[in-house]
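Chemist: What follows is the file model-v4.txt, containing compact mmCIF, C-alpha atoms:
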# COMPACT_ATOMS: atom_id res chain seq x y z
CA MET N 1 -86.94 64.62 56.03
CA ASP N 2 -84.56 63.31 58.72
CA GLN N 3 -82.69 65.55 61.14
CA TYR N 4 -79.42 65.32 59.21
CA ALA N 5 -81.05 66.35 55.93
CA SER N 6 -82.86 69.25 57.58
CA TYR N 7 -79.58 70.37 59.20
CA ILE N 8 -77.82 70.39 55.80
CA GLN N 9 -80.77 72.27 54.35
CA LYS N 10 -80.49 74.90 57.09
CA LEU N 11 -76.75 75.18 56.43
CA LYS N 12 -77.43 75.83 52.75
CA GLN N 13 -79.96 78.52 53.56
CA THR N 14 -77.83 80.31 56.15
CA LEU N 15 -74.81 82.27 55.11
CA PRO N 16 -73.17 84.92 57.32
CA LYS N 17 -73.12 88.26 55.57
CA THR N 18 -70.08 90.39 54.94
CA ASP N 19 -69.01 93.66 53.37
CA PHE N 20 -66.90 92.64 50.38
CA GLY N 21 -65.87 96.26 49.77
CA SER N 22 -64.19 96.68 53.14
CA LEU N 23 -62.73 93.17 52.84
CA TYR N 24 -61.11 94.22 49.56
CA GLN N 25 -59.73 97.35 51.20
CA GLY N 26 -58.25 95.25 53.99
CA LEU N 27 -56.84 92.93 51.38
CA ALA N 28 -55.12 95.82 49.59
CA GLU N 29 -53.65 97.03 52.90
CA ARG N 30 -52.36 93.57 53.76
CA HIS N 31 -50.90 93.21 50.27
CA GLY N 32 -49.15 96.55 50.69
CA ARG N 33 -47.64 95.42 54.00
CA LYS N 34 -46.51 92.18 52.39
CA THR N 35 -44.86 94.01 49.51
CA LEU N 36 -43.05 96.23 51.96
CA SER N 37 -41.81 93.32 54.00
CA LEU N 38 -40.65 91.58 50.84
CA SER N 39 -38.62 94.61 49.83
CA LYS N 40 -36.61 94.60 53.07
CA PRO N 41 -33.60 92.93 51.42
CA LEU N 42 -33.81 95.56 48.70
CA ILE N 43 -33.71 98.28 51.34
CA SER N 44 -30.59 96.67 52.87
CA VAL N 45 -28.86 96.51 49.48
CA ALA N 46 -29.73 100.15 48.82
CA ALA N 47 -28.33 101.13 52.24
CA ILE N 48 -25.03 99.33 51.53
CA ILE N 49 -24.74 101.01 48.12
CA MET N 50 -25.46 104.38 49.74
CA LEU N 51 -22.79 103.75 52.39
CA LEU N 52 -20.26 102.83 49.71
CA PHE N 53 -21.22 105.90 47.72
CA LEU N 54 -20.60 108.10 50.77
CA THR N 55 -17.37 106.47 51.94
CA LEU N 56 -15.76 105.99 48.52
CA PRO N 57 -14.87 109.71 48.02
CA LEU N 58 -13.25 109.74 51.47
CA ALA N 59 -11.16 106.69 50.61
CA ILE N 60 -10.12 108.19 47.27
CA GLN N 61 -9.21 111.48 48.95
CA HIS N 62 -7.11 109.66 51.55
CA ARG N 63 -5.28 107.72 48.84
CA ALA N 64 -4.64 110.93 46.89
CA SER N 65 -3.13 112.67 49.91
CA VAL N 66 -0.74 109.74 50.44
CA VAL N 67 0.33 109.95 46.80
CA GLU N 68 0.83 113.70 47.15
CA GLU N 69 3.00 113.14 50.23
CA ASN N 70 5.05 110.62 48.31
CA ASN N 71 5.40 113.09 45.47
CA LEU N 72 6.61 115.79 47.87
CA GLN N 73 9.27 113.49 49.32
CA ALA N 74 10.35 112.48 45.84
CA TYR N 75 10.55 116.14 44.86
CA VAL N 76 12.77 117.01 47.88
CA PHE N 77 15.11 114.11 47.37
CA GLN N 78 15.27 114.70 43.62
CA ASN N 79 16.32 118.32 44.17
CA ASP N 80 18.57 117.14 46.97
CA THR N 81 20.71 115.01 44.69
CA SER N 82 21.05 117.72 42.07
CA GLY N 83 22.31 120.50 44.46
CA ASP N 84 25.83 120.92 45.93
CA HIS N 85 24.72 121.58 49.50
CA ALA N 86 21.85 119.22 49.69
CA VAL N 87 19.31 119.39 52.47
CA ALA N 88 19.80 115.74 53.36
CA ASP N 89 23.60 116.13 53.45
CA PHE N 90 23.25 119.15 55.68
CA ILE N 91 21.02 117.31 58.14
CA LEU N 92 23.13 114.13 58.13
CA ASN N 93 26.48 115.94 58.47
CA ASP N 94 25.20 118.15 61.21
CA MET X 1 -50.26 90.59 36.71
CA LEU X 2 -52.47 93.57 36.08
CA GLN X 3 -54.36 94.92 39.07
CA THR X 4 -57.53 95.11 37.01
CA GLU X 5 -57.27 91.40 36.22
CA PHE X 6 -57.12 90.60 39.93
CA GLU X 7 -60.01 92.95 40.65
CA GLN X 8 -62.07 91.10 38.06
CA ILE X 9 -61.17 87.72 39.59
CA TYR X 10 -62.06 89.07 43.01
CA SER X 11 -65.45 90.40 41.96
CA GLU X 12 -66.34 87.24 40.04
CA ASN X 13 -65.28 84.76 42.74
CA LYS X 14 -65.65 86.49 46.11
CA GLU X 15 -69.02 84.86 46.85
CA LYS X 16 -67.79 81.37 45.95
CA VAL X 17 -64.85 81.67 48.34
CA TRP X 18 -66.95 83.29 51.05
CA LYS X 19 -69.57 80.51 50.91
CA ILE X 20 -66.94 77.94 51.85
CA ILE X 21 -65.04 80.01 54.38
CA ALA X 22 -68.09 81.39 56.16
CA ARG X 23 -69.16 77.89 57.18
CA PHE X 24 -65.68 76.47 57.62
CA VAL X 25 -64.48 78.80 60.39
CA PHE X 26 -66.77 80.09 63.07
CA SER X 27 -65.93 83.63 64.10
CA ARG X 28 -66.22 86.81 62.04
CA GLU X 29 -62.55 87.66 62.61
CA ASP X 30 -61.41 84.26 61.38
CA ARG X 31 -63.69 84.41 58.35
CA GLU X 32 -62.40 87.79 57.27
CA ASP X 33 -58.78 86.91 58.00
CA LEU X 34 -59.00 83.63 56.10
CA PHE X 35 -60.88 85.19 53.18
CA GLN X 36 -58.14 87.78 52.75
CA GLU X 37 -55.45 85.15 53.09
CA VAL X 38 -57.03 83.12 50.27
CA PHE X 39 -57.09 86.10 47.91
CA LEU X 40 -53.54 87.08 48.84
CA LYS X 41 -52.49 83.56 47.82
CA VAL X 42 -54.54 83.82 44.60
CA HIS X 43 -52.83 87.13 43.81
CA ALA X 44 -49.38 85.66 44.45
CA ALA X 45 -50.05 82.48 42.45
CA LEU X 46 -51.96 83.94 39.53
CA SER X 47 -48.86 84.45 37.38
CA ARG X 48 -48.11 80.73 37.77
CA PHE X 49 -51.60 79.65 36.70
CA ARG X 50 -51.04 77.96 33.33
CA GLY X 51 -54.63 77.08 32.58
CA GLU X 52 -53.97 73.33 32.78
CA ALA X 53 -56.79 72.95 35.29
CA LYS X 54 -60.13 74.73 35.22
CA PHE X 55 -59.83 78.14 36.88
CA GLU X 56 -62.60 77.26 39.34
CA THR X 57 -60.83 74.04 40.39
CA TRP X 58 -57.58 75.98 40.84
CA LEU X 59 -59.34 78.62 42.93
CA TYR X 60 -61.09 75.98 45.06
CA ARG X 61 -57.78 74.17 45.56
CA ILE X 62 -56.20 77.35 46.96
CA THR X 63 -59.27 77.98 49.12
CA VAL X 64 -59.34 74.43 50.47
CA ASN X 65 -55.60 74.21 51.21
CA THR X 66 -55.40 77.66 52.78
CA SER X 67 -58.47 76.95 54.94
CA ILE X 68 -57.23 73.58 56.22
CA ASN X 69 -53.76 75.01 56.96
CA TYR X 70 -55.38 77.98 58.70
CA VAL X 71 -57.42 75.78 61.05
CA ASN X 72 -54.50 73.44 61.77
CA LYS X 73 -52.26 76.42 62.53
CA GLN X 74 -54.92 77.79 64.88
CA LYS X 75 -55.08 74.43 66.62
CA ARG X 76 -51.31 74.50 67.18
CA ASN X 77 -51.54 78.10 68.42
CA ARG X 78 -54.33 77.14 70.83
CA LYS X 79 -52.23 74.28 72.20
CA LEU X 80 -49.34 76.68 72.71
CA GLN X 81 -51.65 79.21 74.33
CA LYS X 82 -53.00 76.55 76.68
CA LEU X 83 -49.45 75.63 77.60
CA LEU X 84 -48.63 79.26 78.31
CA GLU X 85 -51.86 79.64 80.28
CA ASN X 86 -50.80 76.72 82.43
CA LEU X 87 -47.54 78.50 83.02
CA ARG X 88 -49.60 81.61 83.88
CA VAL X 89 -47.74 83.67 81.29
CA VAL X 90 -50.74 84.93 79.31
CA GLU X 91 -54.05 86.36 80.41
CA GLU X 92 -57.19 84.24 80.15
CA SER X 93 -58.43 84.06 76.54
CA ARG X 94 -61.76 85.53 75.51
CA PRO X 95 -64.56 83.10 74.62
CA VAL X 96 -65.07 82.69 70.88
CA GLU X 97 -68.51 83.67 69.60
CA VAL X 98 -69.90 81.06 67.25
CA ASP X 99 -73.09 80.64 65.23
CA GLU X 100 -75.20 77.98 66.93
CA LEU X 101 -76.01 76.34 63.62
CA LEU X 102 -72.33 75.72 62.89
CA LEU X 103 -71.58 74.08 66.24
CA PRO X 104 -71.97 70.47 65.05
CA LEU X 105 -69.33 71.20 62.37
CA ALA X 106 -66.88 72.02 65.17
CA MET X 107 -66.87 68.32 66.03
CA LEU X 108 -65.20 67.47 62.72
CA ASN X 109 -61.53 67.84 61.94
CA ALA X 110 -60.55 70.34 59.23
CA GLN X 111 -60.41 67.78 56.44
CA GLN X 112 -63.74 66.11 57.28
CA ARG X 113 -65.43 69.50 57.65
CA MET X 114 -64.17 70.68 54.26
CA ILE X 115 -65.26 67.47 52.53
CA LEU X 116 -68.71 67.63 54.09
CA LEU X 117 -69.18 71.28 53.12
CA LEU X 118 -68.02 70.73 49.54
CA VAL X 119 -70.09 67.61 48.95
CA GLU X 120 -73.24 68.25 50.97
CA VAL X 121 -73.56 72.04 50.93
CA GLU X 122 -71.75 73.06 47.74
CA GLU X 123 -72.98 69.93 45.97
CA LYS X 124 -69.64 69.13 44.33
CA SER X 125 -69.07 65.61 43.07
CA LEU X 126 -66.76 63.27 44.98
CA GLU X 127 -64.36 63.25 42.00
CA GLU X 128 -64.24 67.05 41.93
CA VAL X 129 -63.51 67.20 45.66
CA ALA X 130 -60.77 64.56 45.28
CA GLU X 131 -59.16 66.70 42.58
CA MET X 132 -59.48 69.91 44.59
CA MET X 133 -58.01 68.37 47.71
CA GLY X 134 -55.40 66.25 45.96
CA LEU X 135 -56.63 63.15 47.80
CA PRO X 136 -57.66 59.68 46.58
CA LEU X 137 -61.36 59.14 45.99
CA GLY X 138 -61.42 56.45 48.68
CA THR X 139 -60.13 58.92 51.29
CA ILE X 140 -62.85 61.39 50.35
CA LYS X 141 -65.54 58.71 50.63
CA SER X 142 -64.37 57.40 54.00
CA ASN X 143 -63.95 60.90 55.46
CA LEU X 144 -67.39 61.90 54.22
CA HIS X 145 -68.92 58.78 55.74
CA ARG X 146 -67.24 59.51 59.11
CA ALA X 147 -68.22 63.19 58.98
CA LYS X 148 -71.87 62.35 58.26
CA GLY X 149 -71.92 59.93 61.19
CA ILE X 150 -70.54 62.55 63.59
CA ILE X 151 -72.97 65.24 62.40
CA LYS X 152 -75.96 62.88 62.66
CA LYS X 153 -75.02 62.09 66.25
CA GLU X 154 -74.54 65.77 67.10
CA VAL X 155 -77.81 67.01 65.63
CA ILE X 156 -79.65 64.31 67.56
CA LYS X 157 -78.09 64.98 70.95
CA ASP X 158 -78.72 68.69 70.57
CA GLY X 159 -76.88 71.04 72.93
CA SER X 160 -74.13 68.70 74.08
CA ILE X 161 -71.37 70.50 72.18
CA CYS X 162 -71.22 73.44 74.55
CA VAL X 163 -70.22 71.05 77.31
CA LEU X 164 -67.44 69.63 75.16
CA TYR X 165 -66.31 73.08 74.01
CA PRO X 166 -66.64 75.31 77.07
CA GLU X 167 -64.53 78.03 75.46
CA ILE X 168 -67.16 78.42 72.72
CA LYS X 169 -69.94 80.89 73.45
CA THR X 170 -72.97 80.59 71.20
CA ASN X 171 -74.85 83.43 69.58
CA PRO X 172 -77.90 83.25 67.31
CA ALA X 173 -77.05 82.43 63.69
CA GLU X 174 -76.50 85.42 61.44
CA ASN X 175 -78.55 85.37 58.32
Let me see whether you can do it: turn the structure in this file into structure tokens.

Modeler:
Amino acid sequence: MDQYASYIQKLKQTLPKTDFGSLYQGLAERHGRKTLSLSKPLISVAAIIMLLFLTLPLAIQHRASVVEENNLQAYVFQNDTSGDHAVADFILND
Amino acid sequence: MLQTEFEQIYSENKEKVWKIIARFVFSREDREDLFQEVFLKVHAALSRFRGEAKFETWLYRITVNTSINYVNKQKRNRKLQKLLENLRVVEESRPVEVDELLLPLAMLNAQQRMILLLVEVEEKSLEEVAEMMGLPLGTIKSNLHRAKGIIKKEVIKDGSICVLYPEIKTNPAEN
């Protein structure tokens, strides 16, 4: 047998050992990390939805208070036109 | 894909994949890293496996492509590291511990090494290797011929590789 053939023979006979159990565990850990990194966009979307959910009531409340203010003004001026000595007349004449 | 299905694939094919990887890269860290990378790819691609090719061919194709990309990426990283070393940005790298028996294989490029391992050690036919690697039969033949020539030279002038690869530190072959 020539040197090349005996080298290939040695290669066939020699195989570094490993612990497939711990390799599988490492594989599961790496897969978990990958899944987490893939879900980053999902986390961002969830954060935006959460932010909207928290700020929406504030926006609605603000809008409602503006409407209420408008209603109050309308109420004053409505009563103002119906009375003889209206509040607006009093202020303007004074 | 069910986890149990993957577990079954893993337990049935782990040795096949290991046999290629263990001789294709030279350090324990690289072997384990590459082995896990192959199975991560298998896990990700399993839902796309339509059964058009034989499962073994499909698995070997993933193993072969991942391994060659892994080595080429390492080569690029080493070049970058060398560049940074020259700029004195990084600390001196540790020597890589390598099985003495595998040293002649370090003289081959990733493609030649894979072809030699598949044909000579795994005893796959040239046609099978061409299909696995997605290369023409002629390319497989010429690469195998070149790889054999390099290995023959290396096994004859025993011990010269350490001079060519000073960063490689040899240790007795594991068995």

Chemist: Please build the interface table for chain X against chain N with a cut-off of 8 Å, listing for each qualifying residue the nearest atom pair and the distance in Å to one decimal; count all atoms listed in the file, order rows by chain and increasing number, and write it as CSV.

Modeler:
residue,atom,partner,partner_atom,distance
X:Lys14,CA,N:Phe20,CA,7.6
X:Lys19,CA,N:Leu15,CA,6.9
X:Ala22,CA,N:Pro16,CA,6.3
X:Arg23,CA,N:Leu15,CA,7.4
X:Glu32,CA,N:Leu23,CA,7.0
X:Gln36,CA,N:Leu27,CA,5.5
X:Phe39,CA,N:Leu27,CA,7.7
X:Leu40,CA,N:His31,CA,6.8
X:Leu101,CA,N:Leu11,CA,7.3
X:Leu102,CA,N:Leu11,CA,7.8
X:Glu120,CA,N:Ile8,CA,7.0
X:Val121,CA,N:Lys12,CA,5.7
X:Ile151,CA,N:Tyr4,CA,7.2
X:Lys152,CA,N:Tyr4,CA,5.5
X:Val155,CA,N:Gln3,CA,6.8
X:Ile156,CA,N:Gln3,CA,7.2
X:Ala173,CA,N:Pro16,CA,7.9
X:Glu174,CA,N:Pro16,CA,5.3
X:Asn175,CA,N:Pro16,CA,5.5

Chemist: Please indicate the distance in Å from atom CA of Tyr10 of chain X to atom CA of Ile62 of chain X, rounded to one decimal place.

Modeler: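 Atom CA of Ile62 of chain X lies 13.7 Å from atom CA of Tyr10 of chain X.
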
Chemist: Kindly provide, as a PyMOL selection string, the polymer residues lying within 10 Å of (-59.1, 85.2, 53.7), counting all atoms listed in the file and using the coordinates exactly as they appear in the file.

Modeler: (chain N and resi 23+27) or (chain X and resi 17-18+21+29-41+63+66-67+70)

Chemist: Can you report as AutoDock Vina command-line options the centre and edge lengths in Å, to one decimal, of an axis-aligned box around the listed atoms of segment 38-48 of chain X padded with 3 Å on each side?

Modeler:
--center_x -52.6 --center_y 83.9 --center_z 43.8 --size_x 15.0 --size_y 12.4 --size_z 18.9

Chemist: Could you please determine the separation between atom CA of Leu117 of chain X and atom CA of Ile20 of chain X in Å, to one decimal place?

Modeler: 7.1 Å

Chemist: For the atom pair atom CA of Lys124 of chain X and atom CA of Lys73 of chain X, what is the interatomic distance in Å to one decimal place?

Modeler: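 Those two atoms sit 26.2 Å apart.
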
Chemist: Compare X:Thr57, X:Gln8, X:Gln3, X:Asn143 by their minimum atom-to-atom distance to Ala44 of chain X, counting all atoms listed in the file, and give me the closest one.

Modeler: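 With all atoms listed in the file as the atom set, the closest residue is X:Gln3.
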